[in-house]
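Engineer: Contents of work37.txt (compact mmCIF, C-alpha atoms) are below:
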# COMPACT_ATOMS: atom_id res chain seq x y z
CA MET B 67 109.22 148.16 67.30
CA ILE B 68 105.80 149.24 66.07
CA SER B 69 104.78 152.69 67.31
CA GLY B 70 101.66 153.23 69.32
CA LYS B 71 98.71 155.32 68.20
CA LEU B 72 97.45 158.74 69.22
CA HIS B 73 93.67 158.74 69.68
CA ILE B 74 91.85 162.09 69.36
CA VAL B 75 88.92 161.48 71.70
CA SER B 76 85.91 163.81 71.76
CA THR B 77 84.33 164.25 75.18
CA PRO B 78 81.06 165.85 76.37
CA ILE B 79 80.65 169.61 76.20
CA GLY B 80 78.45 169.55 79.30
CA ASN B 81 76.23 166.52 79.77
CA LEU B 82 78.41 163.59 80.89
CA LYS B 83 76.10 161.17 79.07
CA ASP B 84 77.09 162.65 75.70
CA ILE B 85 80.00 160.30 75.09
CA THR B 86 80.18 157.41 72.65
CA TYR B 87 80.68 153.75 73.58
CA ARG B 88 83.79 153.79 71.45
CA ALA B 89 85.25 156.78 73.28
CA ILE B 90 84.78 155.01 76.63
CA GLU B 91 86.40 151.84 75.27
CA VAL B 92 89.40 153.77 73.98
CA LEU B 93 89.86 155.76 77.20
CA LYS B 94 89.84 152.51 79.16
CA ALA B 95 92.22 150.72 76.80
CA VAL B 96 94.98 153.30 76.20
CA ASP B 97 98.11 153.48 78.33
CA LEU B 98 97.86 157.20 79.03
CA ILE B 99 95.40 160.09 78.68
CA ALA B 100 96.81 163.54 77.86
CA ALA B 101 94.22 165.91 79.33
CA GLU B 102 93.96 169.68 79.08
CA ASP B 103 92.84 169.75 82.73
CA THR B 104 93.28 166.50 84.65
CA ARG B 105 90.88 167.56 87.41
CA HIS B 106 88.14 168.35 84.90
CA THR B 107 88.71 165.15 82.94
CA GLY B 108 88.92 163.20 86.20
CA ILE B 109 85.23 163.91 86.84
CA LEU B 110 84.33 162.35 83.48
CA LEU B 111 86.60 159.36 84.00
CA LYS B 112 85.22 158.66 87.47
CA HIS B 113 81.64 158.91 86.19
CA HIS B 114 82.34 156.19 83.62
CA GLY B 115 84.58 154.00 85.78
CA ILE B 116 87.77 154.75 83.84
CA THR B 117 91.04 154.40 85.81
CA THR B 118 93.59 155.14 83.07
CA ARG B 119 96.50 157.33 84.18
CA GLN B 120 96.40 160.99 83.12
CA ILE B 121 99.05 163.57 82.30
CA ALA B 122 98.42 167.31 82.00
CA TYR B 123 98.81 168.63 78.46
CA HIS B 124 97.92 172.27 77.83
CA ASP B 125 99.12 175.44 76.12
CA HIS B 126 101.59 176.27 78.87
CA ASN B 127 103.44 172.93 78.89
CA LYS B 128 102.90 171.50 75.41
CA LYS B 129 106.46 172.15 74.21
CA LYS B 130 107.89 170.47 77.31
CA ILE B 131 105.52 167.49 77.40
CA THR B 132 105.28 166.70 73.68
CA PRO B 133 108.76 165.04 73.43
CA HIS B 134 107.81 162.78 76.35
CA LEU B 135 104.53 161.78 74.69
CA LEU B 136 106.28 161.14 71.38
CA ALA B 137 108.82 158.90 73.13
CA GLU B 138 106.01 156.93 74.74
CA LEU B 139 104.24 156.52 71.42
CA LYS B 140 107.43 155.44 69.66
CA ALA B 141 107.93 152.85 72.42
CA GLY B 142 104.59 151.30 71.47
CA LYS B 143 102.31 152.97 74.01
CA ASN B 144 98.84 154.13 72.99
CA ILE B 145 97.77 157.60 74.11
CA ALA B 146 94.44 159.42 74.06
CA ILE B 147 94.27 163.20 74.01
CA VAL B 148 91.20 164.97 75.37
CA SER B 149 90.32 168.64 75.80
CA ASP B 150 88.22 170.16 78.58
CA ALA B 151 85.17 169.67 76.38
CA GLY B 152 84.34 168.67 72.82
CA THR B 153 86.77 167.68 70.10
CA PRO B 154 90.53 168.08 70.70
CA GLY B 155 92.40 170.24 68.23
CA ILE B 156 89.68 172.91 68.06
CA SER B 157 90.96 176.04 69.84
CA ASP B 158 93.18 173.98 72.15
CA PRO B 159 96.76 172.58 72.13
CA GLY B 160 95.75 169.30 70.50
CA TYR B 161 96.80 170.54 67.07
CA TYR B 162 100.43 170.90 68.21
CA LEU B 163 100.68 167.26 69.34
CA ILE B 164 98.82 165.96 66.29
CA ARG B 165 101.18 167.81 63.96
CA GLU B 166 104.26 166.47 65.76
CA CYS B 167 102.91 162.91 65.66
CA LEU B 168 102.27 163.08 61.93
CA SER B 169 105.76 164.50 61.38
CA SER B 170 107.13 161.46 63.23
CA ASP B 171 105.02 158.98 61.23
CA ILE B 172 102.93 158.10 64.27
CA GLU B 173 99.37 157.04 63.45
CA VAL B 174 96.61 159.40 64.53
CA GLU B 175 92.98 158.31 64.83
CA ALA B 176 89.88 160.41 65.51
CA ILE B 177 87.16 159.22 67.87
CA PRO B 178 84.39 161.66 66.85
CA GLY B 179 81.79 163.09 69.17
CA PRO B 180 80.44 166.33 70.67
CA SER B 181 81.36 169.75 69.34
CA SER B 182 79.91 172.97 70.75
CA LEU B 183 80.32 174.85 67.48
CA LEU B 184 78.15 172.32 65.64
CA ALA B 185 75.63 172.05 68.48
CA GLY B 186 75.15 175.81 68.44
CA LEU B 187 75.11 176.07 64.67
CA VAL B 188 72.34 173.54 64.08
CA ILE B 189 69.95 175.17 66.58
CA SER B 190 70.79 178.78 65.73
CA GLY B 191 68.25 179.13 62.93
CA LEU B 192 70.95 180.52 60.64
CA PRO B 193 72.08 178.82 57.41
CA THR B 194 74.13 175.67 58.02
CA ASP B 195 74.96 174.64 54.46
CA ARG B 196 78.09 176.83 54.44
CA PHE B 197 79.75 178.29 57.52
CA CYS B 198 83.07 179.73 58.65
CA PHE B 199 84.50 178.85 62.08
CA GLU B 200 86.70 181.60 63.54
CA GLY B 201 87.29 180.35 67.09
CA PHE B 202 88.12 183.08 69.62
CA LEU B 203 88.48 186.63 68.29
CA PRO B 204 91.42 188.83 69.39
CA LYS B 205 91.09 190.47 72.80
CA ALA B 206 92.71 193.81 71.91
CA SER B 207 90.26 196.34 70.44
CA GLY B 208 92.44 197.22 67.46
CA LYS B 209 93.07 193.60 66.48
CA LEU B 210 89.39 192.76 67.04
CA LYS B 211 88.30 195.54 64.69
CA LYS B 212 90.84 194.49 62.06
CA ARG B 213 89.66 190.87 62.13
CA LEU B 214 85.99 191.84 61.89
CA LEU B 215 86.75 194.11 58.94
CA GLU B 216 88.36 191.13 57.22
CA LEU B 217 85.18 189.13 57.82
CA ARG B 218 82.66 191.84 56.88
CA GLU B 219 82.19 190.61 53.30
CA GLU B 220 82.19 186.90 54.23
CA PRO B 221 78.95 185.37 52.85
CA ARG B 222 78.99 182.25 55.01
CA THR B 223 77.48 182.00 58.48
CA LEU B 224 80.14 183.03 61.02
CA VAL B 225 80.77 180.90 64.11
CA PHE B 226 82.81 182.11 67.10
CA PHE B 227 83.73 181.06 70.62
CA GLU B 228 83.52 183.90 73.11
CA SER B 229 84.12 184.55 76.79
CA PRO B 230 80.98 185.79 78.59
CA TYR B 231 83.03 188.73 79.89
CA ARG B 232 83.89 189.91 76.36
CA LEU B 233 80.56 189.14 74.71
CA ALA B 234 79.07 192.64 74.97
CA LYS B 235 82.27 194.25 73.66
CA THR B 236 82.37 191.82 70.74
CA LEU B 237 78.70 192.37 69.87
CA ALA B 238 79.18 196.15 69.94
CA ALA B 239 82.16 195.89 67.60
CA MET B 240 80.17 193.62 65.29
CA PHE B 241 77.29 196.09 65.17
CA ASP B 242 79.69 198.88 64.18
CA ILE B 243 81.32 196.82 61.42
CA PHE B 244 78.68 194.32 60.27
CA GLY B 245 75.52 196.31 60.90
CA ASP B 246 72.47 194.82 62.60
CA ARG B 247 72.58 191.25 61.31
CA ARG B 248 70.72 188.29 62.74
CA ALA B 249 72.69 186.45 65.38
CA TYR B 250 72.57 183.72 68.03
CA VAL B 251 74.21 183.14 71.40
CA GLY B 252 74.20 179.68 73.00
CA ARG B 253 75.41 179.23 76.57
CA GLU B 254 75.87 176.12 78.69
CA LEU B 255 74.91 173.96 75.70
CA THR B 256 73.77 170.43 76.69
CA LYS B 257 73.89 171.37 80.39
CA LYS B 258 71.00 171.69 82.85
CA PHE B 259 70.71 175.44 82.42
CA GLU B 260 71.28 175.58 78.66
CA GLN B 261 69.93 178.75 77.06
CA SER B 262 69.66 180.05 73.51
CA TYR B 263 69.23 183.70 72.53
CA ARG B 264 68.15 184.57 68.99
CA GLY B 265 67.50 187.91 67.35
CA THR B 266 69.52 190.73 65.86
CA ILE B 267 72.87 191.95 67.14
CA THR B 268 70.96 194.85 68.72
CA ASP B 269 68.65 192.41 70.49
CA LEU B 270 71.62 190.55 71.91
CA LEU B 271 73.31 193.79 72.96
CA ASN B 272 70.15 194.76 74.84
CA GLN B 273 70.28 191.38 76.58
CA PHE B 274 73.97 191.28 77.46
CA GLY B 275 75.02 194.94 77.46
CA THR B 276 74.76 195.28 81.22
CA LYS B 277 74.86 191.68 82.42
CA ALA B 278 77.29 189.06 81.15
CA PRO B 279 76.00 185.50 80.82
CA ARG B 280 77.61 182.63 82.72
CA GLY B 281 79.64 179.94 81.02
CA GLU B 282 81.44 179.84 77.71
CA CYS B 283 79.38 181.00 74.74
CA VAL B 284 78.99 180.11 71.11
CA LEU B 285 78.26 183.21 69.04
CA ILE B 286 76.86 182.79 65.53
CA VAL B 287 76.27 185.65 63.09
CA ALA B 288 74.67 185.71 59.65
CA GLY B 289 77.03 186.15 56.73
CA ARG B 290 76.74 189.22 54.48
CA ARG B 291 74.76 187.60 51.69
CA THR B 292 72.35 185.82 54.00
CA ASP B 293 71.53 188.81 56.18
CA ASN B 294 68.23 189.48 54.40
CA ASP B 295 67.55 185.92 53.27
CA PRO B 296 63.78 185.34 53.53
CA ASN B 297 64.49 181.73 54.51
CA LEU B 298 66.05 182.82 57.82
CA ILE B 299 63.94 182.29 60.89
CA GLN B 300 62.39 185.66 61.68
CA ASP B 301 61.80 185.06 65.38
CA ARG B 302 62.65 187.76 67.84
CA LEU B 303 64.83 187.20 70.90
CA ASN B 304 63.74 184.02 72.70
CA ILE B 305 65.24 183.53 76.12
CA GLY B 306 65.62 180.08 77.62
CA ARG B 307 64.73 178.13 74.49
Would you mind writing the file out in structure tokens?

Structural biologist:
Amino acid sequence: MISGKLHIVSTPIGNLKDITYRAIEVLKAVDLIAAEDTRHTGILLKHHGITTRQIAYHDHNKKKITPHLLAELKAGKNIAIVSDAGTPGISDPGYYLIRECLSSDIEVEAIPGPSSLLAGLVISGLPTDRFCFEGFLPKASGKLKKRLLELREEPRTLVFFESPYRLAKTLAAMFDIFGDRRAYVGRELTKKFEQSYRGTITDLLNQFGTKAPRGECVLIVAGRRTDNDPNLIQDRLNIGR
């Protein structure tokens, strides 16, 4: 029997219209959708008239559910995996399933689409020709400091995901280790209340030091060698742009 295929389907990071025709076709055609949060994904599916059955697949159950999904794929079923937002496999459990599928000679196909790290990067005003994506930084202060020290000499633009509740702590640690580099924070990207904040790390600390933003954030910081690059946009902090 020919195995089915795992489809890595990118979904909107905020605006439900930001989904490709191909992604909708695949989500309608597959036998099962493995979703990080079925309630969250259910809103998207209902909006686009998709009735495909879902199964929850997240960090807490991936080891238990993966054998079931592999069995379905080996039986010829086609499965789509989606994250809460953006491209599966980026800071979510998608990587685990993808790796196991490849180890079992099951075909994996990407259905490209939205990505918050790229959306933030291209509007940040910082160099985009070379960048380094670091995902979420460690929560513990000691591990956070150690990781930032490892990145201090990195010349590429640095891209992070960050919780709004840890943003001020992270910016303060960056100021201590990186100095006052240019930086960008994007929140609620593609949504109705999308906002971008540009300036130096000090500017951003002044903005968020006493009041955390709402929604997940993309934090982008200039690399060491680009910190004084005359080609960088020299605007000060612009709120709501």

Engineer: May I have the residues within 12 Å of Ile267 in chain B as a count of residues only, using only C-alpha atoms and disregarding those fewer than 3 positions away in the same chain?

Structural biologist: 34

Engineer: Can you work out which one of B:Arg280, B:Lys71, B:Arg218, B:Arg88 has the shortest atom-to-atom distance to Leu136 in chain B, counting all atoms listed in the file?

Structural biologist: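 Under the stated criterion, the closest residue is B:Lys71.
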
Engineer: List as JSON lines every residue of range 119-165 of chain B that is in contact with range 180-192 of chain B, defined as an atom at most 12 Å from one of its atoms (using all atoms listed in the file), together with the nearest atom pair and the distance in Å rounded to one decimal, sorted by chain and then rising number.

Structural biologist:
{"residue": "B:Val148", "atom": "CA", "partner": "B:Pro180", "partner_atom": "CA", "distance": 11.8}
{"residue": "B:Ser149", "atom": "CA", "partner": "B:Ser181", "partner_atom": "CA", "distance": 11.1}
{"residue": "B:Asp150", "atom": "CA", "partner": "B:Ser181", "partner_atom": "CA", "distance": 11.5}
{"residue": "B:Ala151", "atom": "CA", "partner": "B:Ser181", "partner_atom": "CA", "distance": 8.0}
{"residue": "B:Gly152", "atom": "CA", "partner": "B:Ser181", "partner_atom": "CA", "distance": 4.7}
{"residue": "B:Thr153", "atom": "CA", "partner": "B:Ser181", "partner_atom": "CA", "distance": 5.8}
{"residue": "B:Pro154", "atom": "CA", "partner": "B:Ser181", "partner_atom": "CA", "distance": 9.4}
{"residue": "B:Gly155", "atom": "CA", "partner": "B:Ser181", "partner_atom": "CA", "distance": 11.1}
{"residue": "B:Ile156", "atom": "CA", "partner": "B:Ser181", "partner_atom": "CA", "distance": 9.0}
{"residue": "B:Ser157", "atom": "CA", "partner": "B:Leu183", "partner_atom": "CA", "distance": 11.0}

Engineer: Using all atoms listed in the file, pick whichever of B:Lys128, B:Leu135, B:Ala146, B:Thr117 has the shortest atom-to-atom distance to Val96 in chain B.

Structural biologist: B:Ala146

Engineer: Which residues are near Arg213 in chain B? Cut-off 10 Å, only C-alpha atoms, ignore same chain within fewer than 5 positions. Put them as a PyMOL selection string.

Structural biologist: chain B and resi 200+203-204+207-208+218

Engineer: Neighbouring residues of Phe197 in chain B were defined as those with any atom within 8 Å, considering only C-alpha atoms; residues of the same chain fewer than 3 positions away were excluded. Please report them as a list of chain:residue names.

Structural biologist: B:Pro193, B:Thr194, B:Arg222, B:Thr223, B:Leu224, B:Val225

Engineer: Check the smallest atom-to-atom distance from each of B:Leu82, B:Arg196, B:Ala206, B:His73 to Glu220 in chain B using only C-alpha atoms, then report the winner.

Structural biologist: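 Of B:Leu82, B:Arg196, B:Ala206, B:His73, the one nearest Glu220 in chain B is B:Arg196, counting only C-alpha atoms.
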
Engineer: CA of Ser69 in chain B and CA of Asn144 in chain B, how far apart in Å?

Structural biologist: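 Separation between CA of Asn144 in chain B and CA of Ser69 in chain B: 8.3 Å.
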
Engineer: Starting from the point (90.1, 157.8, 85.1), work out which residues of protein, DNA or RNA have an atom no more than 12 Å away when counting all atoms listed in the file; state them as a VMD selection string.

Structural biologist: chain B and resid 90 92 to 101 104 to 121 146

Engineer: Determine the nearest neighbour of Ile68 in chain B from the options B:Glu173, B:Asp195, B:Glu260, B:Glu216, counting only C-alpha atoms.

Structural biologist: B:Glu173

Engineer: Ranking B:Val75, B:Ile172, B:Glu102, B:Phe227 by minimum distance to Pro159 in chain B and counting only C-alpha atoms, which one comes first?

Structural biologist: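 Result for the nearest residue to Pro159 in chain B: B:Glu102.
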
Engineer: Restricting the calculation to only C-alpha atoms, which member of B:Gly265, B:Pro178, B:Pro133, B:Gly252 is positioned closest to Ala89 in chain B?

Structural biologist: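 Of the candidates, the smallest distance to Ala89 in chain B is held by B:Pro178.
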
Engineer: Using CA of Glu219 in chain B and CA of Arg290 in chain B as the two end points, give the distance in Å to one decimal.

Structural biologist: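 Spanning CA of Glu219 in chain B to CA of Arg290 in chain B is a straight-line distance of 5.7 Å.
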
Engineer: Report the centre and edge lengths, in Å to one decimal, of an axis-aligned box enclosing every atom of range 264-271 of chain B listed in the file, padded by 8 Å on each side, as lines of an AutoDock Vina configuration file.

Structural biologist:
center_x = 70.4
center_y = 189.7
center_z = 69.4
size_x = 21.8
size_y = 26.3
size_z = 23.1

Engineer: Which distance in Å separates CA of Lys212 in chain B and CA of Ser262 in chain B, to one decimal?

Structural biologist: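 Interatomic distance here is 28.1 Å.
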
Engineer: Residues near Gly179 in chain B, anyone? I mean within 7 Å using all atoms listed in the file, not counting same-chain ones fewer than 6 positions away, as a VMD selection string.

Structural biologist: chain B and resid 76 to 77 85 to 86 153
